[in-house]
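Here's the structure, in structure tokens; my notes come after.
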Amino acid sequence: MSGRTRVGFPAWIARGGLRMRLVVAFGLVAALATMTTGALAFREARNGVLKQSQDTVIAQLRAQVGRLAPDLAYPPSRQSLRRFAVDVARAEPAATWRVLVRYKGISETSAPGDPFDALTPAVREAVDASQATVFQRVRDGGRTSLLVGMSVVFAGPTRGVPVLSGVQVFLTVPQTGEQASVDALVTAVERAMVPALGAAVLLALFAARGVLRPVRALRRATRSIAEGHLDTRLDVNGSDELADLSHTFNETAAALEQSVAELRAMEARARRFVADVSHELRTPLAAMSAVTDVLDEEAGHLDPDTATAVRLISEETVKLARLVEDLMEVSRFDAGAAVLHLDEIDLAESIRRTLASRGWSDEVETALPGPDALRGRVDPRRLDVVVANLVGNALRHGARPVRIRLSAGVPAKEVPADVPAAASVIVEVTDSGPGIPADVLPYVFERFYKSDSARTRTEGSGLGLSITEENVRMHGGTIRAANRAEGGAVFTVELPLRRDESESGGSS
């Protein structure tokens with residue numbers, strides 16, 4: 001379940017992790033099993049209690065009716081029916097029986113004035129239609145009672161065949177004792193569920209501990225791999241699914257370690273190759289540059305075709321020299337050999353010198369503060385590279401007017417009296433061109449990346465923005481590329497302001 005909640009689990013359970021889910025699952029299973037077992041046991045016990053009670057009552061009723069029936073006058077009078085009902089009711093010593101005796105529309109009860117509301121039409125019809133004893137549990141006076149009905153028969157004159165006397169006996173008896181027994185069963189089941197759930201929670205905790213131990217080990221190993229410790233391995237114990245997962249993790253980690261080692265070796269060889277080639281090219285390029293300088297001076301005395309060829313060679317030699325210098329700079333970044341030589345300078349004046357040294361003072365609009373308004377400790381050479389690359393990129397690929405702006409960054413939260421009132425400075429370089437395509441923006445700082453794949457040759461080496469980003473990072477700053485709403489691209493550099501060594505009492 002992250003940030004997303006697993007389907008089927010409430011949010012608070014999902015946030016509790018695997019341990020919580022295991023405990024809840026075990027608890028639910030135990031509760032379901034306990035409730036099911038308790039319900040089945042309760043049903044069987046209840047049915048047993050009620051069946052035993054009903055069988056006892058029916059047996060007593062049959063015995064009492066069978067004993068009293070021969071003394072019943074036939075046809076019976078109302079008085080004899082009342083006496084018969086009273087005698088049948090006396091079969092129960094606790095005097096809980098209520099008896100109704102009927103004969104051809106005449107009804108008498110064991111208790112005078114008893115309306116005998118417990119008698120249901122279903123029982124009455126069943127007794128009318130059958131000689132069998134019928135019974136039904138009914139609600140009588142707010143409690144459960146057993147209603148029993150039967151017909152009184154005599155032995156007939158022909159081979160003792162039973163003959164219906166027409167007399168019907170109905171009995172209702174409250175099942176108070178049986179209900180007490182059922183209530184005791186419910187209480188016992190409820191009490192049994194508490195220790196069962198407690199035992200289930202304990203079992204869940206032990207099970208979760210056993211399950212989560214290898215999971216925690218896997219999590220620690222995964223974090224170790226993410227931190228770069230590719231030699232991390234898990235101990236494989238057993239042959240279950242978790243052991244198989246640990247074995248798979250070890251195989252994956254081993255394959256990853258081998259792949260990363262090969263990639264690192266290839267990367268090291270590539271860096272070494274770039275550094276070696278760049279270094280070896282510097283000497284012949286220096287000689288070529290000296291020759292092209294001489295040829296440039298003599299180009300005015302050569303025929304037009306030769307002069308054109310000389311100028312072309314000179315331009316290409318300059319581009320090649322720039323590419324070699326860029327490659328040398330990139331190789332120093334990759335090798336970790338690039339260092340900062342910090343000096344406190346006037347940042348606005350440094351930007352003016354960068355523009356002037358390249359002849360851009362008239363081509364670029366500036367919005368720079370006055371002298372000594374913004375000072376900071378930076379590497380002047382690397383700041384020059386950052387500004388030159390961004391302005392040159394805007395002039396080559398954007399459209400005029402190109403503008404550079406220097407301003408104070410976000411104010412410091414707590415500014416001591418001996419430091420500037422800003423935590424950083426911001427350099428913005430904007431142009432008025434078509435901007436940077438949206439699919440190109442994420443890759444503008446990648447090495448050798450060109451937005452136009454059909455453009456095989458450009459004035460740049462494809463490394464300028466990458467070198468710019470590295471120089472900004474060395475200063476602890478950030479650089480961003482974006483498009484302006486009014487058109488054109490904007491590159492924003494934010495550099496932290498550093499305090500002077502003499503003021504801060506330490507090195508930067």
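Order determines the names: the first chain of the structure tokens is A, the second B, and so forth; residues in each chain are numbered 1 upward, and ligands are numbered 1 upward as they are shown.
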
Report as a ChimeraX atom specification all protein, DNA and RNA residues lying within 8 Å of A:Gly488, evaluated on only C-alpha atoms, omitting residues in the same chain fewer than 2 positions from it. /A:398-399,430-436,483-486,490

Taking 6 positions as the minimum chain separation for residues in the same chain, which residues sit within 7 Å of stretch 362-376 of chain A when counting only C-alpha atoms? Answer as JSON, numbers by chain. {"A": [344, 345, 346, 347, 348, 401, 402, 403, 404, 405, 406, 497, 498]}

Please dump the current selection as an mmCIF file, in the first residue's frame; keep N, CA and C atoms.
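As a result, part30.cif now contains:
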data_model
loop_
_atom_site.group_PDB
_atom_site.id
_atom_site.type_symbol
_atom_site.label_atom_id
_atom_site.label_comp_id
_atom_site.auth_asym_id
_atom_site.auth_seq_id
_atom_site.Cartn_x
_atom_site.Cartn_y
_atom_site.Cartn_z
ATOM 1 N N GLU A 344 37.044 37.063 -4.065
ATOM 2 C CA GLU A 344 35.915 37.973 -3.929
ATOM 3 C C GLU A 344 35.999 39.043 -5.007
ATOM 4 N N ILE A 345 34.961 39.122 -5.819
ATOM 5 C CA ILE A 345 34.958 40.045 -6.953
ATOM 6 C C ILE A 345 33.632 40.777 -7.022
ATOM 7 N N ASP A 346 33.644 41.833 -7.816
ATOM 8 C CA ASP A 346 32.419 42.542 -8.158
ATOM 9 C C ASP A 346 31.760 41.762 -9.292
ATOM 10 N N LEU A 347 30.626 41.130 -9.014
ATOM 11 C CA LEU A 347 30.012 40.233 -9.985
ATOM 12 C C LEU A 347 29.560 40.969 -11.241
ATOM 13 N N ALA A 348 28.999 42.155 -11.106
ATOM 14 C CA ALA A 348 28.547 42.913 -12.276
ATOM 15 C C ALA A 348 29.735 43.289 -13.158
ATOM 16 N N PRO A 401 16.543 40.891 -29.387
ATOM 17 C CA PRO A 401 17.594 41.245 -28.426
ATOM 18 C C PRO A 401 17.859 40.151 -27.386
ATOM 19 N N VAL A 402 19.143 40.009 -27.040
ATOM 20 C CA VAL A 402 19.571 39.115 -25.962
ATOM 21 C C VAL A 402 19.855 39.989 -24.751
ATOM 22 N N ARG A 403 19.418 39.535 -23.587
ATOM 23 C CA ARG A 403 19.511 40.363 -22.398
ATOM 24 C C ARG A 403 20.075 39.539 -21.251
ATOM 25 N N ILE A 404 20.963 40.145 -20.452
ATOM 26 C CA ILE A 404 21.496 39.498 -19.257
ATOM 27 C C ILE A 404 21.190 40.391 -18.071
ATOM 28 N N ARG A 405 20.737 39.753 -16.989
ATOM 29 C CA ARG A 405 20.308 40.495 -15.806
ATOM 30 C C ARG A 405 20.936 39.869 -14.575
ATOM 31 N N LEU A 406 21.460 40.707 -13.686
ATOM 32 C CA LEU A 406 22.046 40.270 -12.416
ATOM 33 C C LEU A 406 21.269 40.921 -11.283
ATOM 34 N N LEU A 497 25.854 33.285 -2.142
ATOM 35 C CA LEU A 497 26.875 34.268 -1.780
ATOM 36 C C LEU A 497 27.741 33.704 -0.670
ATOM 37 N N ARG A 498 29.057 33.776 -0.874
ATOM 38 C CA ARG A 498 30.000 33.276 0.120
ATOM 39 C C ARG A 498 30.639 34.447 0.844
#

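The interatomic distance for the pair atom CA of A:Glu349 and atom CA of A:Asp384 works out to 11.0 Å.
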
Strand (DSSP E or B) call set, DSSP backbone run, stretch 99-340 of chain A, as a count of residues only: 42

Please determine, counting only C-alpha atoms, which residue among A:Leu28, A:Val318, A:Ile225, A:Met474 has the shortest atom-to-atom distance to A:Thr292. A:Val318

I'd like the contact shell of A:Arg382 - 9 Å cut-off, only C-alpha atoms, skipping same-chain residues fewer than 5 positions apart - returned as a ChimeraX atom specification. /A:340-341,387,468,471-472

Would you mind exporting C-alpha atoms of the selected residues as a PDB file, in the first residue's frame?
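Ended up saving to selection.pdb:
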ATOM      1  CA  LEU A 340      37.576  26.093  -7.463  1.00  0.00           C
ATOM      2  CA  HIS A 341      39.926  29.045  -7.099  1.00  0.00           C
ATOM      3  CA  VAL A 387      28.264  33.716 -18.656  1.00  0.00           C
ATOM      4  CA  THR A 468      28.069  25.389 -17.631  1.00  0.00           C
ATOM      5  CA  ASN A 471      30.611  24.897 -13.111  1.00  0.00           C
ATOM      6  CA  VAL A 472      27.395  26.097 -11.451  1.00  0.00           C
TER       7      VAL A 472
END

Quick one: of A:Gly487, A:Leu242, A:Trp360, A:Val194, who's nearest to A:Leu395, counting only C-alpha atoms?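 Closest candidate: A:Trp360.
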
Find the residues near stretch 57-65 of chain A: any atom within 7 Å, counting only C-alpha atoms, skip ones fewer than 4 places away on the same chain, and give them as a compact mmCIF listing (two decimals) with N, CA and C atoms, in the first residue's frame.
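Output saved as result_33.txt:
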# COMPACT_ATOMS: atom_id res chain seq x y z
N SER A 53 -36.68 -31.69 26.33
CA SER A 53 -37.81 -31.13 27.08
C SER A 53 -39.13 -31.51 26.44
N ALA A 69 -57.98 -41.51 30.55
CA ALA A 69 -59.01 -41.64 29.51
C ALA A 69 -60.05 -42.72 29.80
N VAL A 88 -55.31 -33.85 34.17
CA VAL A 88 -54.15 -33.90 33.27
C VAL A 88 -53.10 -32.88 33.71
N ALA A 91 -50.38 -33.64 36.40
CA ALA A 91 -49.24 -34.52 36.09
C ALA A 91 -47.91 -33.79 36.27

Those of stretch 274-444 of chain A in DSSP alpha helix (DSSP H), formatted as number ranges by chain: A: 274-298, 304-335, 347-357, 380-397

Find the distance between atom CA of A:Val24 and atom CA of A:Ser239 and write it in Å to one decimal.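 About the pair atom CA of A:Val24 and atom CA of A:Ser239: they are 26.8 Å apart.
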
Closest of A:Ser165, A:Ser361, A:Ser331, A:Gln136 to A:Arg272, counting only C-alpha atoms, is A:Ser331
